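Engineer: File name data.pdb; file contents PDB, C-alpha atoms (C1' of nucleotides); full text below.
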ATOM      1  CA  MET A 177     -23.280  42.437  48.447
ATOM      2  CA  ALA A 178     -25.953  43.210  45.860
ATOM      3  CA  HIS A 179     -27.421  40.875  43.246
ATOM      4  CA  MET A 180     -29.644  41.508  40.233
ATOM      5  CA  LYS A 181     -30.791  39.658  37.191
ATOM      6  CA  LEU A 182     -31.583  41.672  34.079
ATOM      7  CA  MET A 183     -33.869  40.115  31.488
ATOM      8  CA  PRO A 184     -33.617  40.925  27.766
ATOM      9  CA  SER A 185     -36.658  42.214  25.890
ATOM     10  CA  GLY A 186     -36.240  39.935  22.882
ATOM     11  CA  ILE A 187     -33.958  37.293  21.435
ATOM     12  CA  TYR A 188     -30.508  37.736  22.942
ATOM     13  CA  SER A 189     -27.277  35.750  22.695
ATOM     14  CA  PHE A 190     -24.734  36.495  25.397
ATOM     15  CA  GLU A 191     -22.386  33.983  23.795
ATOM     16  CA  HIS A 192     -22.156  36.202  20.698
ATOM     17  CA  THR A 193     -22.445  39.532  22.487
ATOM     18  CA  SER A 194     -19.723  38.794  25.041
ATOM     19  CA  ARG A 195     -17.131  38.399  22.291
ATOM     20  CA  ARG A 196     -16.870  42.165  22.321
ATOM     21  CA  LEU A 197     -16.186  42.162  26.057
ATOM     22  CA  ALA A 198     -13.335  39.739  25.526
ATOM     23  CA  ALA A 199     -12.041  41.940  22.702
ATOM     24  CA  LEU A 200     -12.003  44.876  25.102
ATOM     25  CA  GLU A 201     -10.181  42.859  27.752
ATOM     26  CA  LYS A 202      -7.952  44.884  30.034
ATOM     27  CA  SER A 203      -8.967  48.343  28.823
ATOM     28  CA  ALA A 204     -12.614  47.850  29.836
ATOM     29  CA  TYR A 205     -13.389  44.328  31.034
ATOM     30  CA  GLN A 206     -11.502  41.760  33.047
ATOM     31  CA  VAL A 207     -12.305  38.141  32.317
ATOM     32  CA  ARG A 208     -12.325  35.731  35.273
ATOM     33  CA  ASP A 209     -13.630  32.241  34.582
ATOM     34  CA  ASP A 210     -17.139  32.716  33.151
ATOM     35  CA  ARG A 211     -17.501  36.221  34.531
ATOM     36  CA  PHE A 212     -16.722  39.641  33.138
ATOM     37  CA  ILE A 213     -15.686  42.361  35.568
ATOM     38  CA  ARG A 214     -16.241  46.018  34.753
ATOM     39  CA  THR A 215     -15.443  49.007  36.975
ATOM     40  CA  LEU A 216     -17.917  51.899  36.974
ATOM     41  CA  ARG A 217     -18.494  55.261  38.547
ATOM     42  CA  LEU A 218     -21.877  55.426  40.207
ATOM     43  CA  GLY A 219     -22.132  59.073  41.172
ATOM     44  CA  GLU A 220     -19.086  59.560  43.384
ATOM     45  CA  ARG A 221     -18.747  55.871  44.138
ATOM     46  CA  LEU A 222     -16.358  53.507  42.413
ATOM     47  CA  ILE A 223     -17.665  49.982  42.088
ATOM     48  CA  ALA A 224     -16.689  46.712  40.424
ATOM     49  CA  VAL A 225     -19.508  44.789  38.743
ATOM     50  CA  GLU A 226     -19.339  41.091  37.902
ATOM     51  CA  LEU A 227     -21.479  39.969  34.980
ATOM     52  CA  TRP A 228     -22.361  36.548  33.620
ATOM     53  CA  TRP A 229     -25.202  34.877  31.791
ATOM     54  CA  MET A 230     -27.502  32.768  33.906
ATOM     55  CA  GLY A 231     -30.068  30.819  31.911
ATOM     56  CA  ASP A 232     -32.241  33.523  30.419
ATOM     57  CA  GLY A 233     -30.813  36.768  31.754
ATOM     58  CA  LEU A 234     -27.752  38.797  32.708
ATOM     59  CA  ALA A 235     -26.686  38.121  36.285
ATOM     60  CA  VAL A 236     -25.073  41.041  38.100
ATOM     61  CA  GLU A 237     -23.136  41.013  41.351
ATOM     62  CA  VAL A 238     -21.733  44.039  43.152
ATOM     63  CA  SER A 239     -19.448  43.397  46.102
ATOM     64  CA  GLU A 240     -20.795  46.359  48.085
ATOM     65  CA  GLU A 241     -24.024  47.510  49.584
ATOM     66  CA  LEU A 242     -25.968  49.834  47.332
ATOM     67  CA  SER A 243     -29.037  51.881  48.123
ATOM     68  CA  SER A 244     -32.187  50.981  46.226
ATOM     69  CA  GLN A 245     -31.760  54.176  44.234
ATOM     70  CA  GLN A 246     -28.190  53.239  43.273
ATOM     71  CA  LEU A 247     -29.329  49.749  42.332
ATOM     72  CA  GLU A 248     -31.976  51.219  40.073
ATOM     73  CA  GLU A 249     -29.433  53.522  38.434
ATOM     74  CA  LEU A 250     -27.010  50.627  37.921
ATOM     75  CA  SER A 251     -29.769  48.492  36.458
ATOM     76  CA  GLN A 252     -30.682  51.192  33.928
ATOM     77  CA  ARG A 253     -27.071  51.771  32.925
ATOM     78  CA  LEU A 254     -26.402  48.074  32.389
ATOM     79  CA  ARG A 255     -29.620  47.629  30.422
ATOM     80  CA  ARG A 256     -28.470  50.398  28.106
ATOM     81  CA  MET A 257     -24.841  49.234  27.905
ATOM     82  CA  PHE A 258     -25.874  45.724  26.900
ATOM     83  CA  SER A 259     -28.756  46.796  24.640
ATOM     84  CA  LEU A 260     -31.095  44.585  26.640
ATOM     85  CA  ASP A 261     -34.134  46.545  25.459
ATOM     86  CA  VAL A 262     -33.241  46.428  21.775
ATOM     87  CA  ASP A 263     -35.651  43.968  20.161
ATOM     88  CA  LEU A 264     -34.040  42.708  16.968
ATOM     89  CA  SER A 265     -37.017  40.845  15.521
ATOM     90  CA  SER A 266     -37.694  43.467  12.834
ATOM     91  CA  PHE A 267     -33.973  43.584  11.995
ATOM     92  CA  TYR A 268     -33.998  39.843  11.353
ATOM     93  CA  GLN A 269     -37.283  40.025   9.547
ATOM     94  CA  ARG A 270     -35.792  42.552   7.180
ATOM     95  CA  LEU A 271     -32.260  41.227   6.645
ATOM     96  CA  GLU A 272     -32.015  37.525   7.509
ATOM     97  CA  GLY A 273     -32.957  36.736   3.936
ATOM     98  CA  ASP A 274     -30.591  39.292   2.436
ATOM     99  CA  PRO A 275     -28.588  37.603  -0.363
ATOM    100  CA  ASN A 276     -25.336  39.197   0.816
ATOM    101  CA  LEU A 277     -25.580  39.658   4.576
ATOM    102  CA  GLY A 278     -28.161  36.991   5.388
ATOM    103  CA  ASN A 279     -25.670  34.234   6.177
ATOM    104  CA  LEU A 280     -23.498  36.175   8.557
ATOM    105  CA  ILE A 281     -26.555  37.670  10.264
ATOM    106  CA  ARG A 282     -28.187  34.269  10.821
ATOM    107  CA  GLU A 283     -24.915  32.928  12.235
ATOM    108  CA  ARG A 284     -24.946  35.702  14.831
ATOM    109  CA  ARG A 285     -28.551  35.558  15.915
ATOM    110  CA  GLY A 286     -28.939  37.422  19.200
ATOM    111  CA  LEU A 287     -25.731  39.465  18.924
ATOM    112  CA  HIS A 288     -26.281  42.907  20.462
ATOM    113  CA  VAL A 289     -24.211  46.091  20.490
ATOM    114  CA  VAL A 290     -22.283  46.666  23.721
ATOM    115  CA  LEU A 291     -22.076  50.367  24.530
ATOM    116  CA  ASP A 292     -19.326  52.195  26.364
ATOM    117  CA  ALA A 293     -19.983  53.191  29.957
ATOM    118  CA  SER A 294     -20.332  56.917  29.212
ATOM    119  CA  LEU A 295     -20.314  59.315  26.281
ATOM    120  CA  TYR A 296     -17.032  60.779  27.511
ATOM    121  CA  GLU A 297     -15.374  57.374  27.665
ATOM    122  CA  CYS A 298     -16.700  56.545  24.215
ATOM    123  CA  LEU A 299     -15.373  59.761  22.664
ATOM    124  CA  ILE A 300     -11.925  59.350  24.201
ATOM    125  CA  ARG A 301     -11.701  55.711  23.123
ATOM    126  CA  THR A 302     -12.846  56.562  19.620
ATOM    127  CA  ILE A 303     -10.434  59.466  19.182
ATOM    128  CA  ILE A 304      -7.523  57.330  20.374
ATOM    129  CA  SER A 305      -8.580  54.561  17.959
ATOM    130  CA  GLN A 306      -8.564  56.841  14.927
ATOM    131  CA  GLN A 307      -6.416  55.344  12.174
ATOM    132  CA  LEU A 308      -4.617  52.888  14.490
ATOM    133  CA  ASN A 309      -4.906  49.128  14.506
ATOM    134  CA  LEU A 310      -7.187  48.011  17.335
ATOM    135  CA  SER A 311      -4.439  46.244  19.209
ATOM    136  CA  PHE A 312      -2.216  49.309  19.503
ATOM    137  CA  ALA A 313      -5.226  51.546  20.187
ATOM    138  CA  GLY A 314      -6.113  49.283  23.108
ATOM    139  CA  THR A 315      -2.583  49.627  24.442
ATOM    140  CA  LEU A 316      -2.784  53.436  24.309
ATOM    141  CA  ILE A 317      -6.208  53.462  26.004
ATOM    142  CA  GLN A 318      -4.910  51.240  28.773
ATOM    143  CA  ARG A 319      -1.891  53.504  29.257
ATOM    144  CA  LEU A 320      -4.160  56.542  29.569
ATOM    145  CA  ILE A 321      -6.307  54.745  32.150
ATOM    146  CA  GLU A 322      -3.255  53.797  34.201
ATOM    147  CA  ARG A 323      -1.775  57.291  33.900
ATOM    148  CA  ALA A 324      -4.888  59.244  34.911
ATOM    149  CA  GLY A 325      -7.524  56.912  36.360
ATOM    150  CA  ASP A 326      -8.329  55.658  39.847
ATOM    151  CA  THR A 327      -7.950  52.178  41.244
ATOM    152  CA  ILE A 328     -10.177  50.077  43.460
ATOM    153  CA  VAL A 329      -9.514  46.756  45.123
ATOM    154  CA  HIS A 330     -11.879  43.949  44.235
ATOM    155  CA  ARG A 331     -11.475  40.447  45.679
ATOM    156  CA  GLY A 332      -7.927  41.367  46.605
ATOM    157  CA  GLU A 333      -7.120  42.482  43.079
ATOM    158  CA  THR A 334      -6.374  46.077  42.030
ATOM    159  CA  LEU A 335      -8.577  47.249  39.148
ATOM    160  CA  TRP A 336      -8.398  50.484  37.159
ATOM    161  CA  VAL A 337     -11.332  52.833  36.681
ATOM    162  CA  PHE A 338     -11.610  54.916  33.493
ATOM    163  CA  PRO A 339     -10.535  58.503  34.306
ATOM    164  CA  THR A 340     -12.888  61.460  34.626
ATOM    165  CA  PRO A 341     -12.622  64.500  32.330
ATOM    166  CA  GLU A 342     -11.065  66.355  35.273
ATOM    167  CA  GLN A 343      -8.323  63.782  35.653
ATOM    168  CA  VAL A 344      -7.428  63.877  31.964
ATOM    169  CA  ALA A 345      -7.709  67.675  31.820
ATOM    170  CA  ASN A 346      -4.992  67.874  34.472
ATOM    171  CA  LEU A 347      -2.473  66.085  32.246
ATOM    172  CA  SER A 348      -0.073  67.886  29.927
ATOM    173  CA  TYR A 349       0.373  67.109  26.233
ATOM    174  CA  GLU A 350       3.859  65.873  27.080
ATOM    175  CA  ASP A 351       2.429  63.380  29.572
ATOM    176  CA  LEU A 352       0.553  61.665  26.758
ATOM    177  CA  GLN A 353       3.441  61.927  24.310
ATOM    178  CA  GLU A 354       5.469  59.925  26.818
ATOM    179  CA  LEU A 355       2.817  57.219  26.475
ATOM    180  CA  GLN A 356       3.469  57.227  22.691
ATOM    181  CA  PHE A 357       0.492  59.345  21.720
ATOM    182  CA  ASN A 358       1.398  61.567  18.800
ATOM    183  CA  ARG A 359       1.288  65.267  19.543
ATOM    184  CA  ARG A 360      -2.005  65.962  17.819
ATOM    185  CA  LYS A 361      -3.806  63.031  19.421
ATOM    186  CA  ALA A 362      -2.537  64.196  22.808
ATOM    187  CA  GLU A 363      -4.029  67.625  22.081
ATOM    188  CA  TYR A 364      -7.381  66.201  20.938
ATOM    189  CA  VAL A 365      -7.794  64.066  24.062
ATOM    190  CA  ILE A 366      -6.742  66.714  26.584
ATOM    191  CA  ASP A 367      -8.457  69.676  24.891
ATOM    192  CA  LEU A 368     -11.744  67.754  24.696
ATOM    193  CA  SER A 369     -11.463  66.843  28.381
ATOM    194  CA  ARG A 370     -10.834  70.503  29.304
ATOM    195  CA  LYS A 371     -13.835  71.526  27.220
ATOM    196  CA  VAL A 372     -16.027  69.098  29.165
ATOM    197  CA  VAL A 373     -14.611  70.362  32.476
ATOM    198  CA  ASP A 374     -15.374  73.907  31.344
ATOM    199  CA  GLY A 375     -19.040  73.027  30.996
ATOM    200  CA  PHE A 376     -19.601  71.358  27.613
ATOM    201  CA  ASP A 377     -22.389  68.944  28.572
ATOM    202  CA  LEU A 378     -22.104  65.660  26.703
ATOM    203  CA  ASP A 379     -25.243  64.168  28.265
ATOM    204  CA  GLN A 380     -27.293  66.944  26.691
ATOM    205  CA  LEU A 381     -26.557  65.204  23.360
ATOM    206  CA  TYR A 382     -29.038  62.483  24.319
ATOM    207  CA  THR A 383     -31.862  64.925  23.625
ATOM    208  CA  LEU A 384     -30.704  65.689  20.078
ATOM    209  CA  SER A 385     -31.339  63.994  16.743
ATOM    210  CA  ASP A 386     -28.459  62.202  15.006
ATOM    211  CA  ASP A 387     -27.957  65.141  12.638
ATOM    212  CA  ASP A 388     -27.937  67.683  15.448
ATOM    213  CA  VAL A 389     -25.349  65.655  17.387
ATOM    214  CA  VAL A 390     -23.163  65.781  14.269
ATOM    215  CA  LYS A 391     -23.588  69.561  14.002
ATOM    216  CA  LYS A 392     -22.764  70.020  17.665
ATOM    217  CA  LEU A 393     -19.601  67.894  17.694
ATOM    218  CA  LEU A 394     -18.058  68.368  14.257
ATOM    219  CA  PRO A 395     -16.587  71.814  15.047
ATOM    220  CA  ILE A 396     -14.511  70.293  17.874
ATOM    221  CA  ARG A 397     -10.916  69.698  16.842
ATOM    222  CA  GLY A 398     -10.150  65.986  16.550
ATOM    223  CA  ILE A 399     -13.760  64.978  15.941
ATOM    224  CA  GLY A 400     -14.703  64.149  12.349
ATOM    225  CA  ARG A 401     -17.716  62.473  10.869
ATOM    226  CA  TRP A 402     -16.514  58.914  11.601
ATOM    227  CA  THR A 403     -15.924  59.770  15.263
ATOM    228  CA  VAL A 404     -19.425  61.228  15.707
ATOM    229  CA  GLU A 405     -20.940  58.198  13.985
ATOM    230  CA  CYS A 406     -19.077  55.920  16.379
ATOM    231  CA  LEU A 407     -20.310  57.980  19.334
ATOM    232  CA  LEU A 408     -23.895  57.698  18.136
ATOM    233  CA  LEU A 409     -23.450  53.964  17.660
ATOM    234  CA  PHE A 410     -21.224  52.878  20.579
ATOM    235  CA  GLY A 411     -21.978  55.698  23.006
ATOM    236  CA  MET A 412     -25.669  56.343  22.530
ATOM    237  CA  GLY A 413     -26.878  53.099  20.960
ATOM    238  CA  ARG A 414     -28.616  54.782  18.033
ATOM    239  CA  THR A 415     -29.618  51.983  15.696
ATOM    240  CA  ASP A 416     -29.348  53.516  12.228
ATOM    241  CA  LEU A 417     -25.779  54.763  11.921
ATOM    242  CA  LEU A 418     -23.425  53.930   9.094
ATOM    243  CA  PRO A 419     -19.748  54.855   9.491
ATOM    244  CA  ALA A 420     -19.272  54.384   5.760
ATOM    245  CA  ALA A 421     -15.655  55.530   5.713
ATOM    246  CA  ASP A 422     -14.671  52.938   8.283
ATOM    247  CA  ILE A 423     -11.880  50.707   7.048
ATOM    248  CA  GLY A 424     -13.242  47.720   8.945
ATOM    249  CA  VAL A 425     -16.692  47.982   7.366
ATOM    250  CA  ARG A 426     -15.148  48.351   3.927
ATOM    251  CA  ASN A 427     -12.857  45.353   4.477
ATOM    252  CA  ALA A 428     -15.763  43.237   5.698
ATOM    253  CA  LEU A 429     -17.798  44.135   2.622
ATOM    254  CA  ARG A 430     -14.854  43.275   0.403
ATOM    255  CA  HIS A 431     -14.932  39.791   1.981
ATOM    256  CA  VAL A 432     -18.700  39.452   1.685
ATOM    257  CA  PHE A 433     -18.770  40.451  -1.973
ATOM    258  CA  GLU A 434     -15.481  38.685  -2.725
ATOM    259  CA  THR A 435     -14.063  41.654  -4.586
ATOM    260  CA  THR A 436     -10.404  42.620  -4.745
ATOM    261  CA  GLU A 437     -11.008  46.311  -4.047
ATOM    262  CA  GLN A 438     -12.677  47.771  -0.977
ATOM    263  CA  PRO A 439     -15.905  49.596  -1.772
ATOM    264  CA  SER A 440     -15.618  53.386  -1.605
ATOM    265  CA  GLU A 441     -17.347  55.400   1.090
ATOM    266  CA  GLU A 442     -20.031  56.380  -1.400
ATOM    267  CA  GLU A 443     -20.589  52.767  -2.434
ATOM    268  CA  VAL A 444     -20.949  51.756   1.218
ATOM    269  CA  ARG A 445     -23.576  54.464   1.760
ATOM    270  CA  ARG A 446     -25.472  53.272  -1.286
ATOM    271  CA  LEU A 447     -25.344  49.620  -0.145
ATOM    272  CA  GLY A 448     -26.345  50.644   3.353
ATOM    273  CA  GLU A 449     -29.624  52.176   2.228
ATOM    274  CA  ALA A 450     -31.010  48.649   2.057
ATOM    275  CA  TRP A 451     -30.189  48.128   5.754
ATOM    276  CA  SER A 452     -32.151  51.110   7.069
ATOM    277  CA  PRO A 453     -33.441  51.530   9.761
ATOM    278  CA  TRP A 454     -30.983  49.009  11.193
ATOM    279  CA  ARG A 455     -27.718  50.223   9.674
ATOM    280  CA  SER A 456     -25.893  50.227  13.049
ATOM    281  CA  TYR A 457     -26.672  46.558  13.496
ATOM    282  CA  ALA A 458     -25.655  45.648   9.952
ATOM    283  CA  VAL A 459     -22.352  47.415  10.616
ATOM    284  CA  PHE A 460     -21.902  45.768  13.999
ATOM    285  CA  TYR A 461     -22.493  42.321  12.496
ATOM    286  CA  LEU A 462     -20.005  43.113   9.737
ATOM    287  CA  TRP A 463     -17.373  44.118  12.313
ATOM    288  CA  ASP A 464     -17.963  40.888  14.228
ATOM    289  CA  TYR A 465     -17.751  38.942  10.979
ATOM    290  CA  LEU A 466     -14.462  40.632  10.097
ATOM    291  CA  GLY A 467     -13.067  39.720  13.511
ATOM    292  CA  SER A 468     -13.969  36.072  12.924
ATOM    293  CA  THR A 469     -12.296  35.997   9.490
ATOM    294  CA  LYS A 470      -9.118  37.495  10.960
ATOM    295  CA  ASN A 471      -9.006  34.949  13.769
ATOM    296  CA  SER A 472      -9.378  32.066  11.362
ATOM    297  CA  GLN A 473      -6.475  33.105   9.163
TER     298      GLN A 473
ATOM    299  C1'  DG B 159      11.022  45.531   5.588
ATOM    300  C1'  DG B 160       7.100  47.652   3.769
ATOM    301  C1'  DC B 161       2.373  48.411   3.945
ATOM    302  C1'  DC B 162      -1.603  49.044   6.573
ATOM    303  C1'  DA B 163      -4.344  50.420  10.632
ATOM    304  C1'  DG B 164     -12.302  50.844  13.117
ATOM    305  C1'  DG B 165      -9.102  59.302  10.589
ATOM    306  C1'  DC B 166      -8.306  64.153  11.028
ATOM    307  C1'  DT B 167      -6.288  68.611  10.183
ATOM    308  C1'  DA B 168      -4.110  72.114   7.685
ATOM    309  C1'  DG B 169      -2.687  73.839   3.543
ATOM    310  C1'  DC B 170      -3.152  74.240  -1.163
ATOM    311  C1'  DA B 171      -5.376  74.657  -5.847
TER     312       DA B 171
ATOM    313  C1'  DT C  76     -15.394  72.823  -2.674
ATOM    314  C1'  DG C  77     -12.190  69.208  -3.278
ATOM    315  C1'  DC C  78      -7.720  66.932  -2.786
ATOM    316  C1'  DT C  79      -3.711  65.205  -0.154
ATOM    317  C1'  DA C  80       0.653  65.118   2.716
ATOM    318  C1'  DG C  81       1.747  64.289   7.228
ATOM    319  C1'  DC C  82       1.045  62.322  11.475
ATOM    320  C1'  DA C  83       3.788  58.312  14.753
ATOM    321  C1'  DT C  84       3.931  53.830  15.925
ATOM    322  C1'  DG C  85       2.728  48.872  16.301
ATOM    323  C1'  DG C  86       1.210  44.604  13.853
ATOM    324  C1'  DC C  87       1.672  41.378  10.511
TER     325       DC C  87
END
Could you show the structure in this file as structure tokens?
Structural biologist:
Amino acid sequence: MAHMKLMPSGIYSFEHTSRRLAALEKSAYQVRDDRFIRTLRLGERLIAVELWWMGDGLAVEVSEELSSQQLEELSQRLRRMFSLDVDLSSFYQRLEGDPNLGNLIRERRGLHVVLDASLYECLIRTIISQQLNLSFAGTLIQRLIERAGDTIVHRGETLWVFPTPEQVANLSYEDLQELQFNRRKAEYVIDLSRKVVDGFDLDQLYTLSDDDVVKKLLPIRGIGRWTVECLLLFGMGRTDLLPAADIGVRNALRHVFETTEQPSEEEVRRLGEAWSPWRSYAVFYLWDYLGSTKNSQ
DNA sequence: GGCCAGGCTAGCA
DNA sequence: TGCTAGCATGGC
């Protein structure tokens, strides 16, 4: 049994941030009482991590012995996944007084982006989510995990672990069509996985600028501009991304500005200039705001 | 029952 | 270079 407590670098609200974990329930996080359970691959090892907020930091419990090196690796991954080192004070300084976004930003003080566990997982999730409502996308992701992934037993309960590129590469297009993927989406997901197995190194993207990541990924079939922007935002935690074509962002802005029409992609980009260099966070707060308006209707 | 969903590709002008 | 039909199915 291993314990850790990870402290945030600046103002941090787990109450706000954990809403995204609950939204990802089943396909990424299990919710048990006040704890969130996430399965991870640590090198070759499969582990289940329990997470909860304890006073002023993120408490972590792993139900296995880990070497000090593995603990250090886990600590770094969780710090990145939960954006614990992202200090939002300059974001608030810049935008808390914004006439349009100020209210919803103040209401969410301390909300941080939660990243996916790996760039591969993020890309697969994002591709599956293209043009589908989030609920159905979550169903498809869960079906993929249960078709291709591994399981581990944690506290007597069987939990799924997101599949590796190898595991997905071994599927056929028909396998995914049976799970109600359309043919093209089945091809995108499997072909990308085979490309990674054949040596396309996603982690090398960490060394590149935002623009160079776009150039590197855009030629891949199934990956458009929106998908790369989501990878930069939810996979890599880059803080100044604006997926301006995103229907959720446009809907949220329609609410904020109380207009009947959604703003166009170009209008969103123009509006977003005022949010730089924190466009990712403006977008993330808008998504969270949109979720709250949907739940209250 | 019809329109929309955290888009993308291929084909056409 | 720019535009758009088609994708496939669930949610509301």
Engineer: Which neighbours of C:DC87 fall inside 12 Å, counting only C-alpha atoms (C1' of nucleotides), when residues of the same chain fewer than 4 positions from it are skipped, and could you give them as a PDB file with C-alpha atoms (C1' of nucleotides), in the frame of the given file?
Structural biologist:
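Output file around-v1.pdb is given in full below:
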ATOM      1  CA  ASN A 309      -4.906  49.128  14.506  1.00  0.00           C
ATOM      2  CA  SER A 311      -4.439  46.244  19.209  1.00  0.00           C
ATOM      3  CA  LYS A 470      -9.118  37.495  10.960  1.00  0.00           C
ATOM      4  CA  GLN A 473      -6.475  33.105   9.163  1.00  0.00           C
TER       5      GLN A 473
ATOM      6  C1'  DG B 159      11.022  45.531   5.588  1.00  0.00           C
ATOM      7  C1'  DG B 160       7.100  47.652   3.769  1.00  0.00           C
ATOM      8  C1'  DC B 161       2.373  48.411   3.945  1.00  0.00           C
ATOM      9  C1'  DC B 162      -1.603  49.044   6.573  1.00  0.00           C
ATOM     10  C1'  DA B 163      -4.344  50.420  10.632  1.00  0.00           C
TER      11       DA B 163
END
Engineer: Counting all atoms listed in the file, a student should be able to say which residues of chain A come within 8 Å of chain C; what is the right answer, written as a PyMOL selection string?
Structural biologist: chain A and resi 309+311-312+356-358+360
Engineer: Just say which residues the PyMOL selection byres ((chain A) within 7 of (chain B)) picks in this file, as an MDAnalysis selection string.
Structural biologist: chainID A and resid 306:309 398 400 422:424
Engineer: If the PyMOL selection byres ((chain A and resi 440) around 10) is run on the structure shown, which residues does it catch, given as a PyMOL selection string?
Structural biologist: chain A and resi 420-423+426+437-439+441-446
Engineer: Work out how far atom CA of A:Leu242 is from atom CA of A:Met257, in Å to one decimal.
Structural biologist: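 Spanning atom CA of A:Met257 to atom CA of A:Leu242 is a straight-line distance of 19.5 Å.
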Engineer: As a check of understanding, name the residues that the PyMOL selection byres ((chain A and resi 362) around 9) selects in the supplied structure, as a list in words.
Structural biologist: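 Applying the PyMOL selection byres ((chain A and resi 362) around 9) to the structure shown produces Ile304, Ser348, Tyr349, Glu350, Asp351, Leu352, Gln353, Phe357, Asn358, Arg359, Arg360, Lys361, Glu363, Tyr364, Val365, Ile366 and Asp367 of chain A.
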Engineer: Go ahead and compute the interatomic distance for atom CA of A:Arg196 and atom CA of A:Val290, in Å to one decimal.
Structural biologist: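 Interatomic distance, atom CA of A:Arg196 to atom CA of A:Val290: 7.2 Å.
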Engineer: Quick check, in Å to one decimal: how far apart do atom CA of A:Gln380 and atom CA of A:Leu264 lie?
Structural biologist: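 Here the two named atoms are 27.0 Å from each other.
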Engineer: Emit as AutoDock Vina command-line options the padded axis-aligned box for all listed atoms of stretch 428-439 of chain A, 3 Å per side, with centre and edge lengths in Å to one decimal.
Structural biologist:
--center_x -14.6 --center_y 44.1 --center_z 0.5 --size_x 14.4 --size_y 16.9 --size_z 16.4
Engineer: With all atoms listed in the file as the atoms that count, which of A:Asp386, A:Asp379, A:Glu191, A:Asp209 lies nearest to A:Asp232?
Structural biologist: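 Closest to A:Asp232 of all the choices is A:Glu191.
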Engineer: Give as an MDAnalysis selection string the set of residues within 12 Å of the point (-13.6, 37.8, 47.6), where distances use the file's coordinates and all atoms listed in the file.
Structural biologist: chainID A and resid 177 224 226 237:240 329:333
Engineer: Generate the coordinates of all heavy atoms for stretch 370-374 of chain A; report them as an mmCIF file, in the coordinates of the input.
Structural biologist:
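New file result.cif:
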data_model
loop_
_atom_site.group_PDB
_atom_site.id
_atom_site.type_symbol
_atom_site.label_atom_id
_atom_site.label_comp_id
_atom_site.auth_asym_id
_atom_site.auth_seq_id
_atom_site.Cartn_x
_atom_site.Cartn_y
_atom_site.Cartn_z
ATOM 1 N N ARG A 370 -10.752 69.159 28.701
ATOM 2 C CA ARG A 370 -10.834 70.503 29.304
ATOM 3 C C ARG A 370 -12.132 71.188 28.904
ATOM 4 O O ARG A 370 -12.747 71.904 29.698
ATOM 5 C CB ARG A 370 -9.619 71.333 28.876
ATOM 6 C CG ARG A 370 -8.341 70.795 29.517
ATOM 7 C CD ARG A 370 -7.073 71.532 29.110
ATOM 8 N NE ARG A 370 -5.912 70.938 29.791
ATOM 9 C CZ ARG A 370 -4.647 71.161 29.457
ATOM 10 N NH1 ARG A 370 -4.344 71.965 28.444
ATOM 11 N NH2 ARG A 370 -3.676 70.584 30.139
ATOM 12 N N LYS A 371 -12.574 70.945 27.674
ATOM 13 C CA LYS A 371 -13.835 71.526 27.220
ATOM 14 C C LYS A 371 -15.015 70.993 28.054
ATOM 15 O O LYS A 371 -15.914 71.752 28.427
ATOM 16 C CB LYS A 371 -14.025 71.170 25.738
ATOM 17 C CG LYS A 371 -15.105 71.932 24.999
ATOM 18 C CD LYS A 371 -15.086 71.531 23.526
ATOM 19 C CE LYS A 371 -16.221 72.184 22.754
ATOM 20 N NZ LYS A 371 -16.113 73.656 22.710
ATOM 21 N N VAL A 372 -14.963 69.698 28.345
ATOM 22 C CA VAL A 372 -16.027 69.098 29.165
ATOM 23 C C VAL A 372 -15.971 69.668 30.587
ATOM 24 O O VAL A 372 -16.999 70.018 31.179
ATOM 25 C CB VAL A 372 -15.891 67.560 29.194
ATOM 26 C CG1 VAL A 372 -16.850 66.941 30.200
ATOM 27 C CG2 VAL A 372 -16.137 66.992 27.799
ATOM 28 N N VAL A 373 -14.762 69.790 31.133
ATOM 29 C CA VAL A 373 -14.611 70.362 32.476
ATOM 30 C C VAL A 373 -15.133 71.795 32.501
ATOM 31 O O VAL A 373 -15.759 72.234 33.475
ATOM 32 C CB VAL A 373 -13.129 70.318 32.913
ATOM 33 C CG1 VAL A 373 -12.930 71.115 34.193
ATOM 34 C CG2 VAL A 373 -12.682 68.881 33.109
ATOM 35 N N ASP A 374 -14.926 72.511 31.412
ATOM 36 C CA ASP A 374 -15.374 73.907 31.344
ATOM 37 C C ASP A 374 -16.869 74.042 31.106
ATOM 38 O O ASP A 374 -17.357 75.159 30.914
ATOM 39 C CB ASP A 374 -14.609 74.658 30.241
ATOM 40 C CG ASP A 374 -13.153 74.888 30.616
ATOM 41 O OD1 ASP A 374 -12.844 74.799 31.820
ATOM 42 O OD2 ASP A 374 -12.325 75.148 29.713
#
